[in-house]
file data.cif (mmCIF, C-alpha atoms and all ligand atoms)
data_structure
loop_
_atom_site.label_atom_id
_atom_site.label_comp_id
_atom_site.auth_asym_id
_atom_site.auth_seq_id
_atom_site.Cartn_x
_atom_site.Cartn_y
_atom_site.Cartn_z
CA MET Z 1 0.00 0.00 0.00
CA THR Z 2 1.29 3.46 -0.79
CA SER Z 3 0.87 6.20 1.80
CA SER Z 4 0.01 9.78 0.77
CA PRO Z 5 3.06 11.77 -0.36
CA PRO Z 6 4.85 13.42 2.61
CA ASN Z 7 4.60 16.84 0.97
CA SER Z 8 0.82 16.95 0.96
CA GLN Z 9 0.90 17.44 4.75
CA GLN Z 10 3.71 19.93 4.69
CA SER Z 11 2.83 22.23 1.83
CA PRO Z 12 2.49 25.69 3.31
CA TYR Z 13 -0.62 27.81 3.42
CA PHE Z 14 -0.10 30.91 1.27
CA LEU Z 15 -1.64 34.16 2.46
CA GLU Z 16 -1.42 37.68 1.01
CA ILE Z 17 -1.98 40.74 3.18
CA TYR Z 18 -2.58 44.23 1.78
CA ILE Z 19 -2.44 47.29 4.04
CA ASP Z 20 -2.42 51.01 3.33
CA ARG Z 21 -3.68 54.24 4.80
CA ALA Z 22 -3.02 56.49 1.77
CA THR Z 23 -3.96 56.42 -1.93
CA LEU Z 24 -0.92 55.70 -4.07
CA PRO Z 25 0.01 52.33 -2.47
CA THR Z 26 -3.64 51.29 -2.67
CA VAL Z 27 -3.73 52.06 -6.40
CA GLN Z 28 -0.54 50.06 -6.90
CA GLN Z 29 -1.74 47.18 -4.75
CA ALA Z 30 -5.02 47.05 -6.68
CA ALA Z 31 -2.99 46.93 -9.91
CA MET Z 32 -0.82 44.13 -8.47
CA ILE Z 33 -3.89 42.09 -7.48
CA ALA Z 34 -5.31 42.49 -10.99
CA HIS Z 35 -1.94 41.71 -12.54
CA ASN Z 36 -0.99 38.66 -10.44
CA GLN Z 37 -4.40 37.00 -10.62
CA SER Z 38 -3.51 34.72 -7.71
CA GLN Z 39 -6.13 32.60 -6.03
CA ASN Z 40 -4.35 32.77 -2.64
CA PRO Z 41 -6.48 34.03 0.23
CA LYS Z 42 -6.11 37.77 0.72
CA LEU Z 43 -6.69 40.05 3.70
CA ILE Z 44 -7.11 43.70 2.72
CA CYS Z 45 -7.14 46.83 4.85
CA TRP Z 46 -7.19 49.94 2.67
CA GLN Z 47 -8.25 52.61 5.07
CA ARG Z 48 -8.86 55.36 2.52
CA HIS Z 49 -10.37 53.19 -0.20
CA PRO Z 50 -12.12 50.31 1.58
CA VAL Z 51 -13.47 47.50 -0.60
CA ASN Z 52 -17.03 46.70 0.43
CA ASN Z 53 -18.28 44.74 -2.55
CA GLU Z 54 -18.70 41.21 -1.16
CA THR Z 55 -19.09 39.57 -4.57
CA LEU Z 56 -15.93 41.22 -5.77
CA LEU Z 57 -14.05 40.17 -2.64
CA LYS Z 58 -15.27 36.60 -2.97
CA GLY Z 59 -14.13 36.51 -6.61
CA ILE Z 60 -10.53 37.25 -5.60
CA ASN Z 61 -10.69 35.15 -2.42
CA ALA Z 62 -10.35 38.22 -0.21
CA THR Z 63 -11.72 39.61 3.03
CA SER Z 64 -11.69 43.32 3.78
CA PHE Z 65 -11.07 44.94 7.18
CA VAL Z 66 -11.53 48.46 8.53
CA SER Z 67 -8.45 48.37 10.75
CA ILE Z 68 -5.15 46.55 11.05
CA ALA Z 69 -6.23 45.41 14.54
CA SER Z 70 -9.32 43.62 13.17
CA LEU Z 71 -7.23 42.16 10.32
CA CYS Z 72 -4.75 40.82 12.90
CA GLN Z 73 -7.54 39.23 14.95
CA HIS Z 74 -8.83 37.46 11.88
CA ALA Z 75 -5.33 36.38 10.80
CA THR Z 76 -4.71 34.80 14.21
CA LYS Z 77 -7.78 32.57 13.87
CA LEU Z 78 -7.08 31.79 10.24
CA LEU Z 79 -3.42 30.90 10.70
CA ALA Z 80 -4.01 28.82 13.85
CA GLY Z 81 -5.51 26.17 11.58
CA HIS Z 82 -2.29 25.80 9.58
CA SER Z 83 0.98 24.37 10.78
CA HIS Z 84 3.06 26.27 8.27
CA SER Z 85 2.12 29.51 6.51
CA HIS Z 86 3.90 31.67 3.98
CA ILE Z 87 2.85 35.29 4.00
CA THR Z 88 3.46 38.09 1.53
CA ILE Z 89 2.69 41.58 2.80
CA TYR Z 90 1.96 44.54 0.53
CA GLY Z 91 2.36 47.78 2.46
CA ASN Z 92 3.15 51.49 2.48
CA THR Z 93 6.89 52.16 2.93
CA TYR Z 94 6.50 55.45 4.80
CA TRP Z 95 3.95 54.00 7.23
CA SER Z 96 6.32 51.28 8.42
CA LYS Z 97 4.74 51.64 11.84
CA ASP Z 98 1.57 49.97 10.53
CA LEU Z 99 3.67 47.24 8.98
CA SER Z 100 5.59 46.74 12.24
CA LYS Z 101 2.39 46.29 14.23
CA LEU Z 102 1.20 43.69 11.75
CA ILE Z 103 4.52 41.84 11.67
CA ARG Z 104 4.86 41.91 15.44
CA HIS Z 105 1.47 40.24 15.65
CA LEU Z 106 2.05 37.67 12.90
CA SER Z 107 5.46 36.67 14.23
CA ARG Z 108 3.87 35.40 17.44
CA ILE Z 109 1.73 32.90 15.55
CA SER Z 110 3.31 29.50 15.34
CA GLY Z 111 4.44 28.31 11.91
CA VAL Z 112 4.24 31.73 10.29
CA GLU Z 113 6.96 32.74 7.86
CA ILE Z 114 6.96 36.16 6.26
CA ASN Z 115 8.25 35.40 2.82
CA LYS Z 116 8.16 38.74 1.08
CA LEU Z 117 7.46 42.41 1.68
CA GLU Z 118 6.26 44.47 -1.28
CA LEU Z 119 6.53 48.04 -0.05
CA ILE Z 120 5.20 50.94 -2.07
CA ASP Z 121 6.01 54.63 -1.65
CA ASP Z 122 3.41 56.65 0.18
CA GLY Z 123 3.98 59.49 -2.31
CA SER Z 124 6.44 62.32 -1.98
CA SER Z 125 7.02 61.78 1.77
CA GLU Z 126 9.91 59.36 1.30
CA TYR Z 127 11.63 61.81 -1.07
CA GLN Z 128 11.20 64.74 1.28
CA LYS Z 129 12.93 62.68 3.96
CA MET Z 130 15.71 61.84 1.49
CA PHE Z 131 16.11 65.52 0.65
CA HIS Z 132 16.97 66.33 4.27
CA TRP Z 133 18.91 63.10 4.92
CA GLN Z 134 21.27 63.71 2.02
CA LYS Z 135 22.70 66.71 3.89
CA LEU Z 136 24.19 64.46 6.61
CA SER Z 137 27.84 63.49 6.40
CA LEU Z 138 28.59 60.01 5.02
CA SER Z 139 29.53 58.71 8.46
CA THR Z 140 26.39 60.14 10.08
CA GLN Z 141 24.29 58.58 7.30
CA LEU Z 142 25.92 55.20 7.89
CA ASN Z 143 25.51 55.43 11.62
CA ASP Z 144 21.86 56.43 11.17
CA LEU Z 145 21.15 53.39 8.98
CA GLN Z 146 22.79 51.06 11.50
CA THR Z 147 21.07 52.44 14.59
CA GLY Z 148 17.79 52.51 12.65
CA LEU Z 149 18.11 48.80 11.94
CA SER Z 150 18.72 47.87 15.57
CA ASN Z 151 15.83 50.12 16.62
CA LEU Z 152 13.55 48.42 14.08
CA LYS Z 153 14.54 44.97 15.39
CA SER Z 154 13.99 46.03 18.97
CA TYR Z 155 10.63 47.64 18.14
CA LEU Z 156 9.45 44.53 16.30
CA THR Z 157 10.33 42.13 19.08
CA GLY Z 158 8.82 44.28 21.81
CA HIS Z 159 5.40 44.15 23.43
CA ASP Z 160 2.37 45.82 21.83
CA ASN Z 161 2.14 48.23 24.72
CA ARG Z 162 4.56 51.17 24.63
CA LEU Z 163 5.14 51.28 28.34
CA VAL Z 164 5.85 47.55 28.58
CA ARG Z 165 8.26 47.94 25.67
CA LEU Z 166 10.07 50.64 27.55
CA LEU Z 167 10.17 48.64 30.80
CA THR Z 168 11.50 45.56 28.98
CA ARG Z 169 14.17 47.70 27.31
CA HIS Z 170 12.69 47.39 23.86
CA SER Z 171 12.37 50.42 21.65
CA ASN Z 172 9.04 52.12 22.15
CA LYS Z 173 9.31 54.37 19.10
CA LEU Z 174 9.61 53.88 15.37
CA PRO Z 175 10.21 57.39 14.04
CA ARG Z 176 9.13 58.19 10.51
CA ARG Z 177 12.69 58.29 9.21
CA ILE Z 178 14.70 56.83 6.37
CA SER Z 179 16.46 54.52 8.83
CA SER Z 180 13.13 53.09 10.01
CA PHE Z 181 11.47 52.50 6.65
CA PHE Z 182 14.46 51.59 4.46
CA ASN Z 183 15.84 48.78 6.63
CA TRP Z 184 13.23 46.08 6.03
CA HIS Z 185 15.36 44.22 3.47
CA HIS Z 186 17.79 43.33 6.27
CA LEU Z 187 15.02 41.41 8.01
CA PHE Z 188 12.85 39.97 5.19
CA PRO Z 189 13.11 39.62 1.41
CA THR Z 190 11.80 43.02 0.36
CA THR Z 191 11.10 45.03 -2.77
CA TYR Z 192 10.70 48.78 -2.42
CA HIS Z 193 8.43 49.97 -5.23
CA MET Z 194 9.52 53.53 -5.78
CA LEU Z 195 7.66 56.44 -7.29
CA ARG Z 196 10.91 57.95 -8.59
CA LEU Z 197 13.72 55.44 -8.47
CA ASP Z 198 15.83 57.89 -10.47
CA TYR Z 199 16.05 60.18 -7.41
CA LEU Z 200 18.49 57.69 -5.91
CA ASP Z 201 20.94 58.57 -8.70
CA LYS Z 202 21.56 61.87 -6.96
CA PRO Z 203 25.25 61.76 -5.91
CA GLU Z 204 24.39 62.80 -2.33
CA LEU Z 205 22.22 59.69 -2.05
CA SER Z 206 24.81 57.21 -3.28
CA GLN Z 207 25.16 55.63 0.15
CA LEU Z 208 21.40 55.07 0.41
CA LYS Z 209 21.34 53.62 -3.10
CA ARG Z 210 24.10 51.17 -2.12
CA HIS Z 211 22.27 50.34 1.10
CA LEU Z 212 19.08 49.49 -0.80
CA GLY Z 213 21.01 47.39 -3.33
CA ASP Z 214 18.89 45.56 -5.85
CA ASN Z 215 15.80 45.58 -3.64
CA THR Z 216 14.23 48.53 -5.46
CA GLN Z 217 11.92 48.70 -8.43
CA GLN Z 218 10.35 51.59 -10.35
CA ILE Z 219 6.55 51.77 -9.90
CA ARG Z 220 4.75 50.97 -13.14
CA TRP Z 221 1.84 52.94 -14.50
CA ASN Z 222 1.49 51.29 -17.87
CA TYR Z 223 -0.65 48.24 -17.03
CA ILE Z 224 -3.68 49.54 -18.87
CA SER Z 225 -2.25 52.02 -21.37
CA ASN Z 226 0.17 49.39 -22.74
CA ASN Z 227 -2.53 46.73 -22.85
CA ILE Z 228 -0.81 44.59 -20.22
CA PHE Z 229 -4.22 44.15 -18.60
CA ASN Z 230 -6.96 42.33 -20.46
CA ALA Z 231 -10.54 43.57 -20.18
CA GLU Z 232 -11.20 41.40 -17.13
CA GLN Z 233 -8.11 42.64 -15.27
CA GLN Z 234 -8.95 46.23 -16.15
CA SER Z 235 -12.47 45.80 -14.82
CA LEU Z 236 -11.14 44.22 -11.61
CA PHE Z 237 -8.73 47.12 -11.13
CA TYR Z 238 -11.54 49.68 -11.48
CA GLN Z 239 -13.85 47.76 -9.19
CA LEU Z 240 -11.20 47.43 -6.49
CA LEU Z 241 -10.84 51.20 -6.54
CA ASN Z 242 -14.57 51.67 -6.59
CA VAL Z 243 -14.52 53.52 -9.92
CA SER Z 244 -18.04 53.01 -11.25
CA ALA Z 245 -18.88 52.31 -14.89
CA LYS Z 246 -20.27 55.88 -15.06
CA ASP Z 247 -16.98 57.30 -13.75
CA GLN Z 248 -15.03 55.14 -16.22
CA ASP Z 249 -17.08 56.71 -19.02
CA LEU Z 250 -16.32 60.14 -17.62
CA ILE Z 251 -12.56 59.68 -17.82
CA GLN Z 252 -12.51 57.74 -21.06
CA VAL Z 253 -11.29 59.87 -23.96
CA SER Z 254 -13.23 59.07 -27.11
CA GLU Z 255 -14.34 60.66 -30.37
CA SER Z 256 -17.41 62.12 -28.70
CA GLN Z 257 -15.45 63.06 -25.56
CA PRO Z 258 -12.11 64.62 -26.52
CA LYS Z 259 -9.31 65.10 -24.00
CA ALA Z 260 -10.02 67.75 -21.37
CA GLU Z 261 -7.92 70.82 -22.16
CA PHE Z 262 -6.90 71.62 -18.60
CA ILE Z 263 -7.44 70.01 -15.22
CA PHE Z 264 -6.83 71.99 -12.05
CA ILE Z 265 -5.36 69.82 -9.29
CA GLY Z 266 -6.81 70.55 -5.88
CA VAL Z 267 -5.33 69.41 -2.57
CA ASP Z 268 -6.67 68.69 0.90
CA SER Z 269 -6.65 70.97 3.92
CA THR Z 270 -3.27 69.68 5.15
CA SER Z 271 -1.69 71.33 2.07
CA ALA Z 272 -3.86 74.37 1.26
CA SER Z 273 -7.13 75.99 2.30
CA SER Z 274 -10.16 76.10 0.02
CA GLU Z 275 -9.92 79.92 0.04
CA LEU Z 276 -6.40 79.78 -1.38
CA GLN Z 277 -7.38 77.28 -4.08
CA THR Z 278 -10.42 79.41 -4.99
CA LYS Z 279 -8.14 82.46 -5.29
CA VAL Z 280 -5.62 80.62 -7.47
CA ILE Z 281 -8.35 79.50 -9.87
CA ALA Z 282 -9.77 83.04 -9.98
CA ASP Z 283 -6.31 84.37 -10.83
CA SER Z 284 -5.72 81.86 -13.59
CA ARG Z 285 -8.96 82.90 -15.26
CA GLN Z 286 -7.93 86.54 -15.53
CA GLU Z 287 -5.96 87.96 -18.39
CA SER Z 288 -4.00 90.14 -15.99
CA GLY Z 289 -3.46 87.42 -13.39
CA LEU Z 290 -0.15 86.15 -12.11
CA ILE Z 291 -0.30 82.66 -13.54
CA PRO Z 292 -0.83 81.59 -17.16
CA GLN Z 293 -4.40 82.31 -18.19
CA ILE Z 294 -6.73 79.36 -18.73
CA ASN Z 295 -10.09 79.91 -20.33
CA ALA Z 296 -12.82 79.15 -17.78
CA LYS Z 297 -14.69 76.87 -20.17
CA LYS Z 298 -11.60 74.74 -20.68
CA MET Z 299 -10.88 74.20 -17.02
CA GLN Z 300 -12.02 71.15 -15.09
CA PHE Z 301 -11.51 70.69 -11.38
CA LYS Z 302 -10.07 67.51 -9.88
CA GLY Z 303 -10.33 67.69 -6.12
CA HIS Z 304 -8.23 65.68 -3.70
CA PRO Z 305 -10.05 62.43 -2.85
CA PHE Z 306 -10.10 63.34 0.83
CA ALA Z 307 -10.60 67.09 0.79
CA ASN Z 308 -13.86 68.04 2.49
CA PHE Z 309 -14.23 71.34 0.65
CA ASN Z 310 -14.09 70.34 -3.03
CA GLN Z 311 -17.72 71.28 -3.65
CA ALA Z 312 -17.19 74.79 -2.23
CA ILE Z 313 -14.36 75.41 -4.73
CA ILE Z 314 -16.40 74.02 -7.63
CA ASP Z 315 -19.41 76.14 -6.64
CA ALA Z 316 -17.33 79.30 -6.34
CA HIS Z 317 -16.37 79.01 -10.00
CA GLN Z 318 -19.20 76.86 -11.36
CA MET Z 319 -16.64 74.49 -12.78
CA SER Z 320 -17.10 71.12 -14.34
CA GLN Z 321 -15.37 68.42 -12.37
CA MET Z 322 -13.64 65.09 -12.55
CA PRO Z 323 -14.97 62.95 -9.68
CA SER Z 324 -12.58 63.56 -6.78
CA MET Z 325 -12.60 59.95 -5.56
CA ILE Z 326 -10.94 58.68 -8.75
CA PRO Z 327 -7.21 58.58 -7.95
CA PHE Z 328 -5.55 60.79 -10.54
CA GLU Z 329 -3.04 58.08 -11.42
CA THR Z 330 -5.96 56.14 -12.91
CA LEU Z 331 -5.93 58.66 -15.76
CA ILE Z 332 -2.24 57.97 -16.26
CA MET Z 333 -2.81 54.22 -16.18
CA THR Z 334 -5.63 54.35 -18.68
CA GLY Z 335 -3.95 56.82 -21.05
CA ASN Z 336 -6.69 59.39 -20.45
CA LEU Z 337 -4.64 62.37 -19.34
CA PRO Z 338 -5.90 65.84 -20.26
CA GLN Z 339 -3.85 68.05 -22.55
CA LYS Z 340 -2.42 69.95 -19.58
CA ILE Z 341 -2.67 70.10 -15.83
CA GLY Z 342 -1.70 72.58 -13.18
CA GLY Z 343 -2.69 73.62 -9.69
CA MET Z 344 -1.59 72.98 -6.17
CA ALA Z 345 1.54 71.00 -5.20
CA SER Z 346 0.83 67.28 -4.86
CA SER Z 347 2.64 63.94 -5.16
CA LEU Z 348 0.68 63.11 -8.27
CA TYR Z 349 2.95 65.19 -10.54
CA PHE Z 350 5.73 62.65 -9.93
CA SER Z 351 3.89 59.91 -11.80
CA LEU Z 352 3.36 61.80 -15.05
CA PRO Z 353 5.12 60.77 -18.25
CA ASP Z 354 8.45 62.58 -18.80
CA ASP Z 355 7.31 64.83 -21.61
CA TYR Z 356 3.99 65.78 -20.02
CA HIS Z 357 3.17 69.46 -19.79
CA ILE Z 358 2.46 71.01 -16.40
CA GLU Z 359 1.25 74.57 -16.79
CA TYR Z 360 2.00 75.75 -13.23
CA ILE Z 361 2.28 74.55 -9.64
CA VAL Z 362 1.47 76.62 -6.57
CA PHE Z 363 3.56 75.63 -3.57
CA SER Z 364 2.94 76.44 0.06
CA GLY Z 365 5.22 78.96 1.74
CA SER Z 366 7.40 81.67 0.41
CA LYS Z 367 9.93 82.33 -2.33
CA LEU Z 368 12.40 83.23 0.40
CA ASP Z 369 12.85 79.68 1.65
CA LEU Z 370 13.22 78.22 -1.83
CA LYS Z 371 16.40 76.31 -1.01
CA GLU Z 372 14.84 74.57 1.97
CA HIS Z 373 11.58 73.73 0.22
CA ALA Z 374 11.99 69.96 -0.09
CA LEU Z 375 9.05 69.15 -2.39
CA LEU Z 376 9.89 71.99 -4.75
CA GLN Z 377 13.59 71.18 -4.89
CA ILE Z 378 12.83 67.52 -5.59
CA MET Z 379 10.49 68.49 -8.43
CA LEU Z 380 13.12 70.82 -9.89
CA TYR Z 381 15.81 68.15 -9.63
CA LEU Z 382 13.60 65.58 -11.34
CA LYS Z 383 12.61 68.20 -13.96
CA VAL Z 384 8.94 67.68 -13.15
CA ILE Z 385 8.57 71.47 -13.36
CA THR Z 386 10.69 74.36 -14.59
CA PRO Z 387 11.41 77.40 -12.35
CA GLU Z 388 9.28 79.86 -14.35
CA ARG Z 389 6.16 77.76 -13.76
CA ILE Z 390 6.46 77.84 -9.97
CA TYR Z 391 4.28 80.05 -7.76
CA PHE Z 392 3.84 80.40 -4.02
CA SER Z 393 0.76 80.66 -1.86
CA GLU Z 394 1.93 84.04 -0.50
CA GLN Z 395 1.53 85.54 -4.00
CA PHE Z 396 -2.26 85.13 -3.94
O1 LIG D 401 -1.74 65.61 -2.88
P1 LIG D 401 -1.23 64.35 -2.24
O2 LIG D 401 0.26 64.26 -2.28
O3 LIG D 401 -1.84 64.11 -0.87
O4 LIG D 401 -1.79 63.17 -3.18
C1 LIG D 401 -1.80 61.83 -2.76
C2 LIG D 401 -2.60 61.04 -3.77
O5 LIG D 401 -3.95 61.49 -3.77
C3 LIG D 401 -2.14 61.16 -5.22
O6 LIG D 401 -1.10 60.27 -5.50
C4 LIG D 401 -3.43 60.83 -5.97
O7 LIG D 401 -3.67 59.44 -6.00
C5 LIG D 401 -4.51 61.43 -5.08
N1 LIG D 401 -4.94 62.76 -5.55
C6 LIG D 401 -5.92 62.83 -6.55
N2 LIG D 401 -6.37 64.06 -6.96
C7 LIG D 401 -5.89 65.19 -6.43
C8 LIG D 401 -4.88 65.14 -5.43
C9 LIG D 401 -4.43 63.90 -5.01
O8 LIG D 401 -6.37 61.81 -7.04
N3 LIG D 401 -6.36 66.37 -6.84
#
call {"tool": "encode", "arguments": {"input": "data.cif", "output": "structure tokens"}}
result
Amino acid sequence: MTSSPPNSQQSPYFLEIYIDRATLPTVQQAAMIAHNQSQNPKLICWQRHPVNNETLLKGINATSFVSIASLCQHATKLLAGHSHSHITIYGNTYWSKDLSKLIRHLSRISGVEINKLELIDDGSSEYQKMFHWQKLSLSTQLNDLQTGLSNLKSYLTGHDNRLVRLLTRHSNKLPRRISSFFNWHHLFPTTYHMLRLDYLDKPELSQLKRHLGDNTQQIRWNYISNNIFNAEQQSLFYQLLNVSAKDQDLIQVSESQPKAEFIFIGVDSTSASSELQTKVIADSRQESGLIPQINAKKMQFKGHPFANFNQAIIDAHQMSQMPSMIPFETLIMTGNLPQKIGGMASSLYFSLPDDYHIEYIVFSGSKLDLKEHALLQIMLYLKVITPERIYFSEQF
């Protein structure tokens, strides 16, 4: 008599976990789900873009959670039934604290092996940190990376409670720093999916580039525009991001719906007030304004997905609008960009094709601290914008 093959008992249980609290990593993770087409069970916690469509979730073998804590609770029960599990985590690089909490929890479950981390840039935050970090001396940079790694290890192996961590001499803090979020590859196989990998070519960042080695990859935006996705994958991608069929029609350039001539990029209240954005739009409609004039009829408004004042700006100028909840990168992915864009400073400009025309960008702050303005300097370095197209909030 032959017994069942020994491997059938031992083959691991594969689980995929997706977490994010912003927009860009969620868009990328949705694209990765559509691209990979895996049937592995998936646990998803996208705090800004929750997936609530049960049929959709069932179709991709996924369960959605509102918080990392509830995802962890579920994972504990799920993984207890398996003697050996292999987990891939898709996360947000900048919010390594969320990832740490998840990993700390998973590591306590018997038989769990974290096989791969796929970490995606939050947006411009990582680059703003790099901009300041590059000013450190080479030895300070090296020291920072080393102490960051031991802090990360200590933080991960500590108790969930801060005070207990402190009392047991574990780190009770994981600061939002380069040395916290760019040390994961020393602990797990990791790929950092970067918005602008080319920024690491900056000579001042050579040590960081060496540190990251071949664990980096440029984020891709061409899944749909280059026909890498078939119709089914494209539909899955849209559904995961909750872009309705009506919204898809709205962004789709066609013979009857030519490219929008200009889209004004709005931001949320952490970057600029609604009054400022209203003033900037008013200025750009005047012939004698500061910024290049855009004919009112040609201007569409694209509000930030999480700004609570988009309607007030639209009403002030009776503008037509692109639904704010559609992540702007979707237009890049689908090849439906307008002829031109401009507006307030945002991470989204980093994802545009090289030769794309940005009419103007209004940054926070003043011309006087130009040198210290991280976001602006990064955009200039990457040639996202040219100096004559830059304006400041104080000018309006
Ligand atoms: O402006 P911020 O850097 O917060 O943008 C984060 C993300 O929010 C962008 O990458 C994009 O997905 C989305 N966004 C958008 N429309 C805007 C502003 C931001 O879709 N007007």
call {"tool": "residues_near_ligand", "arguments": {"input": "data.cif", "ligand": "ligand LIG 401 (chain D)", "cutoff": "9 Å", "atoms": "only C-alpha atoms and all ligand atoms", "output": "PyMOL selection string"}}
result
chain Z and resi 22-27+122-125+264-268+270-271+301-307+324-330+343-351
call {"tool": "write_last_selection", "arguments": {"input": "data.cif", "atoms": "C-alpha atoms", "output": "mmCIF file, in the coordinates of the input"}}
result
data_model
loop_
_atom_site.group_PDB
_atom_site.id
_atom_site.type_symbol
_atom_site.label_atom_id
_atom_site.label_comp_id
_atom_site.auth_asym_id
_atom_site.auth_seq_id
_atom_site.Cartn_x
_atom_site.Cartn_y
_atom_site.Cartn_z
ATOM 1 C CA ALA Z 22 -3.020 56.490 1.770
ATOM 2 C CA THR Z 23 -3.960 56.420 -1.930
ATOM 3 C CA LEU Z 24 -0.920 55.700 -4.070
ATOM 4 C CA PRO Z 25 0.010 52.330 -2.470
ATOM 5 C CA THR Z 26 -3.640 51.290 -2.670
ATOM 6 C CA VAL Z 27 -3.730 52.060 -6.400
ATOM 7 C CA ASP Z 122 3.410 56.650 0.180
ATOM 8 C CA GLY Z 123 3.980 59.490 -2.310
ATOM 9 C CA SER Z 124 6.440 62.320 -1.980
ATOM 10 C CA SER Z 125 7.020 61.780 1.770
ATOM 11 C CA PHE Z 264 -6.830 71.990 -12.050
ATOM 12 C CA ILE Z 265 -5.360 69.820 -9.290
ATOM 13 C CA GLY Z 266 -6.810 70.550 -5.880
ATOM 14 C CA VAL Z 267 -5.330 69.410 -2.570
ATOM 15 C CA ASP Z 268 -6.670 68.690 0.900
ATOM 16 C CA THR Z 270 -3.270 69.680 5.150
ATOM 17 C CA SER Z 271 -1.690 71.330 2.070
ATOM 18 C CA PHE Z 301 -11.510 70.690 -11.380
ATOM 19 C CA LYS Z 302 -10.070 67.510 -9.880
ATOM 20 C CA GLY Z 303 -10.330 67.690 -6.120
ATOM 21 C CA HIS Z 304 -8.230 65.680 -3.700
ATOM 22 C CA PRO Z 305 -10.050 62.430 -2.850
ATOM 23 C CA PHE Z 306 -10.100 63.340 0.830
ATOM 24 C CA ALA Z 307 -10.600 67.090 0.790
ATOM 25 C CA SER Z 324 -12.580 63.560 -6.780
ATOM 26 C CA MET Z 325 -12.600 59.950 -5.560
ATOM 27 C CA ILE Z 326 -10.940 58.680 -8.750
ATOM 28 C CA PRO Z 327 -7.210 58.580 -7.950
ATOM 29 C CA PHE Z 328 -5.550 60.790 -10.540
ATOM 30 C CA GLU Z 329 -3.040 58.080 -11.420
ATOM 31 C CA THR Z 330 -5.960 56.140 -12.910
ATOM 32 C CA GLY Z 343 -2.690 73.620 -9.690
ATOM 33 C CA MET Z 344 -1.590 72.980 -6.170
ATOM 34 C CA ALA Z 345 1.540 71.000 -5.200
ATOM 35 C CA SER Z 346 0.830 67.280 -4.860
ATOM 36 C CA SER Z 347 2.640 63.940 -5.160
ATOM 37 C CA LEU Z 348 0.680 63.110 -8.270
ATOM 38 C CA TYR Z 349 2.950 65.190 -10.540
ATOM 39 C CA PHE Z 350 5.730 62.650 -9.930
ATOM 40 C CA SER Z 351 3.890 59.910 -11.800
#
call {"tool": "closest_atom_pairs", "arguments": {"input": "data.cif", "of": "segment 20-116 of chain Z", "to": "segment 178-198 of chain Z", "cutoff": "7 Å", "atoms": "all atoms listed in the file", "output": "Markdown table"}}
result
| residue | atom | partner | partner_atom | distance |
| --- | --- | --- | --- | --- |
| Z:Thr93 | CA | Z:Phe181 | CA | 5.9 |
| Z:Tyr94 | CA | Z:Phe181 | CA | 6.1 |
| Z:Ser96 | CA | Z:Phe181 | CA | 5.6 |
| Z:Asn115 | CA | Z:Pro189 | CA | 6.6 |
| Z:Lys116 | CA | Z:Pro189 | CA | 5.0 |
call {"tool": "atom_distance", "arguments": {"input": "data.cif", "atom1": "atom CA of Leu119 of chain Z", "atom2": "atom CA of Met379 of chain Z"}}
result
22.5 Å
call {"tool": "residues_around", "arguments": {"input": "data.cif", "residues": "Gln377 of chain Z", "least_positions_apart": "5", "cutoff": "10 Å", "atoms": "all atoms listed in the file", "output": "ChimeraX atom specification"}}
result
/Z:128,131,370-372,382-383,385,387
call {"tool": "closest_atom_pairs", "arguments": {"input": "data.cif", "of": "segment 230-316 of chain Z", "to": "segment 35-42 of chain Z", "cutoff": "10 Å", "atoms": "all atoms listed in the file", "output": "JSON lines"}}
result
{"residue": "Z:Asn230", "atom": "CA", "partner": "Z:His35", "partner_atom": "CA", "distance": 9.4}
{"residue": "Z:Gln233", "atom": "CA", "partner": "Z:His35", "partner_atom": "CA", "distance": 6.8}
{"residue": "Z:Gln234", "atom": "CA", "partner": "Z:His35", "partner_atom": "CA", "distance": 9.1}
{"residue": "Z:Leu236", "atom": "CA", "partner": "Z:His35", "partner_atom": "CA", "distance": 9.6}
{"residue": "Z:Phe237", "atom": "CA", "partner": "Z:His35", "partner_atom": "CA", "distance": 8.8}
call {"tool": "closest_residue", "arguments": {"input": "data.cif", "among": "Z:Ile68, Z:Met299, Z:Leu145, Z:Ala34", "to": "Arg104 of chain Z", "atoms": "all atoms listed in the file"}}
result
Z:Ile68
call {"tool": "atom_distance", "arguments": {"input": "data.cif", "atom1": "atom CA of His49 of chain Z", "atom2": "atom CA of Ser244 of chain Z"}}
result
13.5 Å
call {"tool": "residues_around", "arguments": {"input": "data.cif", "residues": "Pro353 of chain Z", "least_positions_apart": "5", "cutoff": "12 Å", "atoms": "all atoms listed in the file", "output": "PyMOL selection string"}}
result
chain Z and resi 196+220-222+225+329+331-333+335+337+340+348+358+382-384
call {"tool": "residues_around", "arguments": {"input": "data.cif", "residues": "His132 of chain Z", "least_positions_apart": "2", "cutoff": "12 Å", "atoms": "only C-alpha atoms", "output": "CSV table (one decimal) with C-alpha atoms, in the coordinates of the input"}}
result
chain,number,residue,atom,x,y,z
Z,125,SER,CA,7.0,61.8,1.8
Z,126,GLU,CA,9.9,59.4,1.3
Z,127,TYR,CA,11.6,61.8,-1.1
Z,128,GLN,CA,11.2,64.7,1.3
Z,129,LYS,CA,12.9,62.7,4.0
Z,130,MET,CA,15.7,61.8,1.5
Z,134,GLN,CA,21.3,63.7,2.0
Z,135,LYS,CA,22.7,66.7,3.9
Z,136,LEU,CA,24.2,64.5,6.6
Z,137,SER,CA,27.8,63.5,6.4
Z,141,GLN,CA,24.3,58.6,7.3
Z,177,ARG,CA,12.7,58.3,9.2
Z,178,ILE,CA,14.7,56.8,6.4
Z,204,GLU,CA,24.4,62.8,-2.3
Z,205,LEU,CA,22.2,59.7,-2.0
Z,371,LYS,CA,16.4,76.3,-1.0
Z,372,GLU,CA,14.8,74.6,2.0
Z,373,HIS,CA,11.6,73.7,0.2
Z,374,ALA,CA,12.0,70.0,-0.1
Z,375,LEU,CA,9.0,69.2,-2.4
Z,377,GLN,CA,13.6,71.2,-4.9
Z,378,ILE,CA,12.8,67.5,-5.6
